[in-house]
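As stored in input31.cif (mmCIF, C-alpha atoms):
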data_work
loop_
_atom_site.group_PDB
_atom_site.id
_atom_site.type_symbol
_atom_site.label_atom_id
_atom_site.label_comp_id
_atom_site.auth_asym_id
_atom_site.auth_seq_id
_atom_site.Cartn_x
_atom_site.Cartn_y
_atom_site.Cartn_z
ATOM 1 C CA ALA F 22 31.129 20.147 -29.215
ATOM 2 C CA GLN F 23 27.790 18.609 -28.402
ATOM 3 C CA LYS F 24 27.515 15.013 -29.473
ATOM 4 C CA ILE F 25 25.216 12.022 -29.037
ATOM 5 C CA THR F 26 26.577 8.482 -29.330
ATOM 6 C CA GLN F 27 24.431 5.403 -29.845
ATOM 7 C CA THR F 28 26.726 2.411 -29.997
ATOM 8 C CA GLN F 29 24.169 -0.251 -30.912
ATOM 9 C CA PRO F 30 23.384 -0.189 -34.640
ATOM 10 C CA GLY F 31 20.807 -2.960 -34.212
ATOM 11 C CA MET F 32 19.112 -4.890 -31.443
ATOM 12 C CA PHE F 33 16.830 -7.903 -31.248
ATOM 13 C CA VAL F 34 14.441 -8.540 -28.363
ATOM 14 C CA GLN F 35 11.884 -11.208 -27.721
ATOM 15 C CA GLU F 36 8.288 -10.077 -27.463
ATOM 16 C CA LYS F 37 7.239 -9.248 -23.882
ATOM 17 C CA GLU F 38 10.831 -8.875 -22.703
ATOM 18 C CA ALA F 39 12.495 -5.619 -21.684
ATOM 19 C CA VAL F 40 15.235 -3.983 -23.746
ATOM 20 C CA THR F 41 17.708 -1.180 -23.074
ATOM 21 C CA LEU F 42 18.926 1.127 -25.818
ATOM 22 C CA ASP F 43 22.141 2.943 -25.001
ATOM 23 C CA CYS F 44 22.836 6.639 -25.389
ATOM 24 C CA THR F 45 25.756 8.716 -24.197
ATOM 25 C CA TYR F 46 26.100 12.430 -24.685
ATOM 26 C CA ASP F 47 28.751 15.077 -24.541
ATOM 27 C CA THR F 48 28.163 18.705 -23.676
ATOM 28 C CA SER F 49 29.741 21.377 -21.539
ATOM 29 C CA ASP F 50 26.456 23.234 -21.145
ATOM 30 C CA PRO F 51 24.938 22.672 -17.678
ATOM 31 C CA SER F 52 21.422 23.098 -19.067
ATOM 32 C CA TYR F 53 20.273 20.636 -21.699
ATOM 33 C CA GLY F 54 17.389 18.369 -22.559
ATOM 34 C CA LEU F 55 17.501 14.770 -23.706
ATOM 35 C CA PHE F 56 14.875 13.159 -25.916
ATOM 36 C CA TRP F 57 14.134 9.778 -27.343
ATOM 37 C CA TYR F 58 12.235 9.433 -30.605
ATOM 38 C CA LYS F 59 10.893 6.423 -32.456
ATOM 39 C CA GLN F 60 10.900 6.370 -36.238
ATOM 40 C CA PRO F 61 8.896 3.624 -37.910
ATOM 41 C CA SER F 62 9.400 2.840 -41.578
ATOM 42 C CA SER F 63 6.819 5.495 -42.474
ATOM 43 C CA GLY F 64 9.364 8.152 -41.529
ATOM 44 C CA GLU F 65 7.535 10.129 -38.874
ATOM 45 C CA MET F 66 9.507 10.897 -35.705
ATOM 46 C CA ILE F 67 7.414 9.991 -32.678
ATOM 47 C CA PHE F 68 8.319 11.553 -29.331
ATOM 48 C CA LEU F 69 8.744 8.995 -26.551
ATOM 49 C CA ILE F 70 10.298 10.580 -23.499
ATOM 50 C CA TYR F 71 12.142 13.666 -22.214
ATOM 51 C CA GLN F 72 14.719 14.208 -19.462
ATOM 52 C CA GLY F 73 15.939 17.628 -18.385
ATOM 53 C CA SER F 74 19.451 18.029 -17.068
ATOM 54 C CA TYR F 75 18.167 19.358 -13.745
ATOM 55 C CA ASP F 76 15.472 16.741 -13.286
ATOM 56 C CA GLN F 77 16.128 14.779 -10.108
ATOM 57 C CA GLN F 78 14.119 11.734 -11.061
ATOM 58 C CA ASN F 79 14.302 9.482 -14.079
ATOM 59 C CA ALA F 80 11.551 10.152 -16.602
ATOM 60 C CA THR F 81 8.886 7.553 -17.279
ATOM 61 C CA GLU F 82 6.126 7.433 -19.899
ATOM 62 C CA GLY F 83 4.088 4.259 -19.865
ATOM 63 C CA ARG F 84 6.327 1.385 -20.985
ATOM 64 C CA TYR F 85 9.226 3.766 -21.573
ATOM 65 C CA SER F 86 11.666 4.872 -18.922
ATOM 66 C CA LEU F 87 14.890 6.785 -19.154
ATOM 67 C CA ASN F 88 17.855 5.658 -17.073
ATOM 68 C CA PHE F 89 19.586 9.012 -16.575
ATOM 69 C CA GLN F 90 23.098 8.876 -15.147
ATOM 70 C CA LYS F 91 24.350 12.447 -15.252
ATOM 71 C CA ALA F 92 27.878 11.798 -14.011
ATOM 72 C CA ARG F 93 28.379 9.178 -16.692
ATOM 73 C CA LYS F 94 26.576 11.321 -19.269
ATOM 74 C CA SER F 95 24.301 8.505 -20.253
ATOM 75 C CA ALA F 96 20.567 8.485 -20.970
ATOM 76 C CA ASN F 97 19.537 4.949 -21.802
ATOM 77 C CA LEU F 98 16.005 4.134 -22.919
ATOM 78 C CA VAL F 99 14.339 1.137 -21.332
ATOM 79 C CA ILE F 100 11.325 -0.384 -23.038
ATOM 80 C CA SER F 101 9.443 -2.833 -20.874
ATOM 81 C CA ALA F 102 7.242 -5.645 -22.176
ATOM 82 C CA SER F 103 8.272 -5.227 -25.826
ATOM 83 C CA GLN F 104 5.579 -5.439 -28.472
ATOM 84 C CA LEU F 105 5.839 -6.233 -32.179
ATOM 85 C CA GLY F 106 4.853 -2.653 -32.908
ATOM 86 C CA ASP F 107 7.986 -1.439 -31.129
ATOM 87 C CA SER F 108 10.071 -2.551 -34.118
ATOM 88 C CA ALA F 109 11.501 0.697 -35.475
ATOM 89 C CA MET F 110 14.522 2.983 -35.460
ATOM 90 C CA TYR F 111 15.149 4.755 -32.172
ATOM 91 C CA PHE F 112 17.004 8.043 -31.889
ATOM 92 C CA CYS F 113 18.472 9.715 -28.854
ATOM 93 C CA ALA F 114 18.717 13.494 -29.179
ATOM 94 C CA MET F 115 19.931 16.423 -27.142
ATOM 95 C CA ARG F 116 18.535 19.923 -27.275
ATOM 96 C CA VAL F 117 21.385 22.393 -27.371
ATOM 97 C CA TYR F 118 21.459 26.147 -27.448
ATOM 98 C CA GLU F 119 23.707 27.867 -30.001
ATOM 99 C CA TYR F 120 22.216 31.288 -30.819
ATOM 100 C CA GLY F 121 18.955 29.372 -30.950
ATOM 101 C CA ASN F 122 17.812 25.862 -30.238
ATOM 102 C CA LYS F 123 18.459 22.707 -32.187
ATOM 103 C CA LEU F 124 18.419 18.975 -31.685
ATOM 104 C CA VAL F 125 21.591 16.955 -32.080
ATOM 105 C CA PHE F 126 20.793 13.346 -32.940
ATOM 106 C CA GLY F 127 22.626 10.100 -32.504
ATOM 107 C CA ALA F 128 23.001 7.637 -35.374
ATOM 108 C CA GLY F 129 20.065 5.587 -34.139
ATOM 109 C CA THR F 130 19.437 1.987 -33.136
ATOM 110 C CA ILE F 131 17.238 -0.359 -35.158
ATOM 111 C CA LEU F 132 15.125 -2.474 -32.822
ATOM 112 C CA ARG F 133 13.504 -5.678 -34.025
ATOM 113 C CA VAL F 134 10.990 -7.425 -31.788
ATOM 114 C CA LYS F 135 10.688 -11.171 -32.388
ATOM 115 C CA SER F 136 7.507 -13.162 -31.765
ATOM 116 C CA LYS X 8 -5.542 18.852 -32.123
ATOM 117 C CA ALA X 9 -3.922 18.627 -35.536
ATOM 118 C CA GLY X 10 -0.282 17.625 -35.684
ATOM 119 C CA VAL X 11 2.517 19.004 -37.787
ATOM 120 C CA THR X 12 1.606 18.906 -41.455
ATOM 121 C CA GLN X 13 4.235 18.683 -44.148
ATOM 122 C CA THR X 14 3.477 18.923 -47.841
ATOM 123 C CA PRO X 15 4.070 17.347 -50.198
ATOM 124 C CA ARG X 16 4.853 13.868 -48.825
ATOM 125 C CA TYR X 17 6.838 12.819 -51.873
ATOM 126 C CA LEU X 18 8.625 14.803 -54.530
ATOM 127 C CA ILE X 19 10.758 13.922 -57.528
ATOM 128 C CA LYS X 20 12.849 16.681 -59.071
ATOM 129 C CA THR X 21 15.578 16.946 -61.661
ATOM 130 C CA ARG X 22 19.091 18.192 -60.971
ATOM 131 C CA GLY X 23 19.308 21.947 -61.292
ATOM 132 C CA GLN X 24 15.661 22.572 -60.437
ATOM 133 C CA GLN X 25 14.480 24.213 -57.254
ATOM 134 C CA VAL X 26 11.957 22.959 -54.727
ATOM 135 C CA THR X 27 9.825 24.414 -51.947
ATOM 136 C CA LEU X 28 8.637 22.355 -49.011
ATOM 137 C CA SER X 29 5.927 23.458 -46.609
ATOM 138 C CA CYS X 30 5.363 22.895 -42.914
ATOM 139 C CA SER X 31 2.348 23.863 -40.833
ATOM 140 C CA PRO X 32 3.110 23.605 -37.109
ATOM 141 C CA ILE X 33 0.750 22.685 -34.325
ATOM 142 C CA SER X 34 -1.597 25.538 -33.527
ATOM 143 C CA GLY X 35 0.021 27.823 -30.969
ATOM 144 C CA HIS X 36 3.547 26.628 -31.669
ATOM 145 C CA ARG X 37 5.795 29.490 -32.685
ATOM 146 C CA SER X 38 9.045 27.661 -33.311
ATOM 147 C CA VAL X 39 9.662 25.619 -36.452
ATOM 148 C CA SER X 40 12.863 23.811 -37.280
ATOM 149 C CA TRP X 41 13.949 21.717 -40.229
ATOM 150 C CA TYR X 42 16.126 18.608 -40.423
ATOM 151 C CA GLN X 43 17.585 16.614 -43.283
ATOM 152 C CA GLN X 44 17.832 12.851 -42.917
ATOM 153 C CA THR X 45 20.032 10.762 -45.197
ATOM 154 C CA PRO X 46 21.408 7.224 -44.765
ATOM 155 C CA GLY X 47 24.962 8.497 -44.874
ATOM 156 C CA GLN X 48 24.793 11.620 -42.698
ATOM 157 C CA GLY X 49 21.877 10.779 -40.446
ATOM 158 C CA LEU X 50 19.753 13.596 -39.078
ATOM 159 C CA GLN X 51 21.212 17.042 -39.538
ATOM 160 C CA PHE X 52 19.837 20.379 -38.428
ATOM 161 C CA LEU X 53 19.036 22.850 -41.205
ATOM 162 C CA PHE X 54 17.507 25.889 -39.512
ATOM 163 C CA GLU X 55 15.157 27.124 -36.824
ATOM 164 C CA TYR X 56 12.599 29.893 -37.005
ATOM 165 C CA PHE X 57 10.858 31.601 -34.155
ATOM 166 C CA SER X 58 8.357 34.424 -34.610
ATOM 167 C CA GLU X 59 9.316 34.830 -38.275
ATOM 168 C CA THR X 60 13.025 35.197 -37.487
ATOM 169 C CA GLN X 61 15.720 32.695 -38.276
ATOM 170 C CA ARG X 62 17.338 31.950 -34.927
ATOM 171 C CA ASN X 63 19.785 29.257 -35.860
ATOM 172 C CA LYS X 64 21.250 27.763 -39.002
ATOM 173 C CA GLY X 65 23.057 24.510 -39.615
ATOM 174 C CA ASN X 66 26.079 23.903 -41.760
ATOM 175 C CA PHE X 67 24.419 23.787 -45.157
ATOM 176 C CA PRO X 68 25.198 25.735 -48.329
ATOM 177 C CA GLY X 69 23.316 28.879 -49.218
ATOM 178 C CA ARG X 70 21.172 26.897 -51.670
ATOM 179 C CA PHE X 71 19.134 25.916 -48.637
ATOM 180 C CA SER X 72 16.930 28.682 -47.348
ATOM 181 C CA GLY X 73 13.739 29.079 -45.416
ATOM 182 C CA ARG X 74 11.245 31.468 -43.997
ATOM 183 C CA GLN X 75 8.424 31.616 -41.519
ATOM 184 C CA PHE X 76 5.169 33.459 -41.933
ATOM 185 C CA SER X 77 3.120 35.378 -39.390
ATOM 186 C CA ASN X 78 0.873 32.332 -38.855
ATOM 187 C CA SER X 79 4.016 30.299 -37.981
ATOM 188 C CA ARG X 80 3.827 28.218 -41.142
ATOM 189 C CA SER X 81 7.263 27.684 -42.612
ATOM 190 C CA GLU X 82 8.703 26.927 -45.991
ATOM 191 C CA MET X 83 12.128 25.755 -46.974
ATOM 192 C CA ASN X 84 13.574 26.156 -50.414
ATOM 193 C CA VAL X 85 16.420 24.335 -52.091
ATOM 194 C CA SER X 86 17.746 25.854 -55.298
ATOM 195 C CA THR X 87 19.924 24.244 -57.971
ATOM 196 C CA LEU X 88 19.193 20.749 -56.721
ATOM 197 C CA GLU X 89 21.964 18.193 -56.577
ATOM 198 C CA LEU X 90 21.707 14.409 -56.397
ATOM 199 C CA GLY X 91 22.991 14.569 -52.827
ATOM 200 C CA ASP X 92 19.968 16.605 -51.770
ATOM 201 C CA SER X 93 17.861 13.463 -52.001
ATOM 202 C CA ALA X 94 16.672 12.960 -48.448
ATOM 203 C CA LEU X 95 13.798 12.904 -46.024
ATOM 204 C CA TYR X 96 13.164 16.464 -44.845
ATOM 205 C CA LEU X 97 11.548 16.676 -41.444
ATOM 206 C CA CYS X 98 9.911 19.668 -39.872
ATOM 207 C CA ALA X 99 9.458 20.000 -36.124
ATOM 208 C CA SER X 100 7.386 22.484 -34.184
ATOM 209 C CA SER X 101 7.751 23.612 -30.608
ATOM 210 C CA LEU X 102 5.926 26.008 -28.305
ATOM 211 C CA GLY X 103 8.997 28.147 -27.955
ATOM 212 C CA GLN X 104 12.597 28.189 -27.008
ATOM 213 C CA ARG X 105 12.546 27.025 -23.423
ATOM 214 C CA GLN X 106 14.793 24.069 -22.802
ATOM 215 C CA ASN X 107 11.998 21.754 -21.684
ATOM 216 C CA TYR X 108 9.729 22.429 -24.626
ATOM 217 C CA GLY X 109 9.493 19.316 -26.728
ATOM 218 C CA TYR X 110 9.495 19.014 -30.467
ATOM 219 C CA THR X 111 6.691 17.448 -32.493
ATOM 220 C CA PHE X 112 7.707 16.233 -35.905
ATOM 221 C CA GLY X 113 5.754 15.956 -39.097
ATOM 222 C CA SER X 114 5.744 12.896 -41.342
ATOM 223 C CA GLY X 115 8.374 14.427 -43.577
ATOM 224 C CA THR X 116 8.798 15.144 -47.265
ATOM 225 C CA ARG X 117 10.780 12.568 -49.148
ATOM 226 C CA LEU X 118 12.683 14.336 -51.920
ATOM 227 C CA THR X 119 14.297 12.396 -54.735
ATOM 228 C CA VAL X 120 16.595 14.239 -57.141
ATOM 229 C CA VAL X 121 17.237 12.476 -60.444
#
Entire entry expressed as structure tokens:
Amino acid sequence: AQKITQTQPGMFVQEKEAVTLDCTYDTSDPSYGLFWYKQPSSGEMIFLIYQGSYDQQNATEGRYSLNFQKARKSANLVISASQLGDSAMYFCAMRVYEYGNKLVFGAGTILRVKS
Amino acid sequence: KAGVTQTPRYLIKTRGQQVTLSCSPISGHRSVSWYQQTPGQGLQFLFEYFSETQRNKGNFPGRFSGRQFSNSRSEMNVSTLELGDSALYLCASSLGQRQNYGYTFGSGTRLTVV
């Protein structure tokens, strides 16, 4: 069964430092997509970054990069130069196909940026 | 361009009542999916619609239903509400069903059942 595991319930990082949020996944499907979303206290899910299973290079979007290690089935999010506004819940998700598409989410990691 | 619009933002209902939530996807997006978020169960997939057809359904009782209209707008309905239905309901739209199409989420509808 497809599954996403985020082992860090909460993380603290000092402002302007980099932080890595862990994500491992499990699937037997050779074609899949991995996403990271940010959810502030307002509730909206904000798309951060996407990595396709066949992509050769790690995805980057501004201060966000995805450390994709396919053999280890990990897709860690790296946030560089943390800002106070980065404080939020972060979800790793995998797009799976079962008669149609859906996202399978991890439990999330709460990130708190300290000044 | 306008994002995904969910209405209403907040809702309080009584046990046994029914509720209808609405989602307007990004213009041009034909796929709409719904998710339930609770502190205990996290984010769980409810259903996905594409071109007015339900393509996928999560493991929820039949009290949860949905539909999609020809303009891609979607509604979900929950009948005979239970206290456990209290949750944030998120709608996501996507261009289609290709693997690399991303999802854009709305701000959600926070449902409280009392």
Residues within 9 Å of Gln104 of chain F, all atoms listed in the file, excluding chain neighbours under 5 positions, as a ChimeraX atom specification: /F:35-38,134-136
Polymer residues at most 12 Å from segment 72-75 of chain X, all atoms listed in the file, same-chain spacing of 3 or more positions, as a PyMOL selection string: chain X and resi 25-32+37-42+53-69+78-87+98+100
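The shell of residues at most 9 Å from Trp57 of chain F, with all atoms listed in the file counted and near chain neighbours (fewer than 6 positions) removed, consists of F:Ile67, F:Phe68, F:Leu69, F:Ile70, F:Tyr71, F:Leu87, F:Leu98, F:Tyr111, F:Phe112, F:Cys113, F:Ala114, F:Met115.
Residue list for chain X within 8 Å of chain F: X:Ser40, X:Gly49, X:Leu50, X:Gln51, X:Phe52, X:Glu55, X:Arg62, X:Asn63, X:Leu95, X:Gln104, X:Gln106, X:Asn107, X:Gly109, X:Tyr110, X:Thr111, X:Phe112, X:Gly113, X:Ser114, X:Gly115, counting only C-alpha atoms.
Between atom CA of Gln90 of chain F and atom CA of Tyr75 of chain F the interatomic distance comes to 11.7 Å.
Among the candidate residues F:Gly31, F:Gly83, F:Lys59, F:Arg93, the one lying nearest to Gly106 of chain F is F:Lys59, with distances computed using only C-alpha atoms.
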Separation of atom CA of Ser49 of chain F from atom CA of Phe89 of chain F in Å: 16.8 Å
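Among the candidate residues X:Thr12, X:Tyr96, X:Gly103, X:Phe71, the one lying nearest to Thr116 of chain X is X:Tyr96, with distances computed using only C-alpha atoms.
The coordinates place atom CA of Asp43 of chain F at 10.4 Å from atom CA of Ile25 of chain F.
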Calculated over all atoms listed in the file, which of the candidates F:Gln78, F:Thr41, F:Thr48, F:Asn88 has the smallest distance to Ser101 of chain F? F:Thr41
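Nearest residue to Thr28 of chain F among F:Pro61, F:Val40, F:Tyr46, F:Ala102 is F:Tyr46, counting only C-alpha atoms.
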Test item: the PyMOL selection byres ((chain X and resi 16-20) around 7) resolved as a compact mmCIF listing (two decimals) with C-alpha atoms, in the coordinates of the input:
# COMPACT_ATOMS: atom_id res chain seq x y z
CA GLN X 13 4.24 18.68 -44.15
CA THR X 14 3.48 18.92 -47.84
CA PRO X 15 4.07 17.35 -50.20
CA THR X 21 15.58 16.95 -61.66
CA ARG X 22 19.09 18.19 -60.97
CA GLN X 24 15.66 22.57 -60.44
CA GLY X 115 8.37 14.43 -43.58
CA THR X 116 8.80 15.14 -47.26
CA ARG X 117 10.78 12.57 -49.15
CA LEU X 118 12.68 14.34 -51.92
CA THR X 119 14.30 12.40 -54.74
CA VAL X 120 16.60 14.24 -57.14
CA VAL X 121 17.24 12.48 -60.44
Nearest to Gln43 of chain X, restricted to all atoms listed in the file and choosing among X:Leu97, X:Phe76, X:Gly91, X:Gly10, comes out as X:Leu97
Exercise: Arg84 of chain F partners within 7 Å, only C-alpha atoms, chain neighbours under 2 positions left out, as an MDAnalysis selection string: chainID F and resid 82 86 100:101
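Among the candidates F:Asp47, F:Val34, F:Leu105, F:Ala39, the one nearest to Tyr85 of chain F when counting all atoms listed in the file is F:Ala39.
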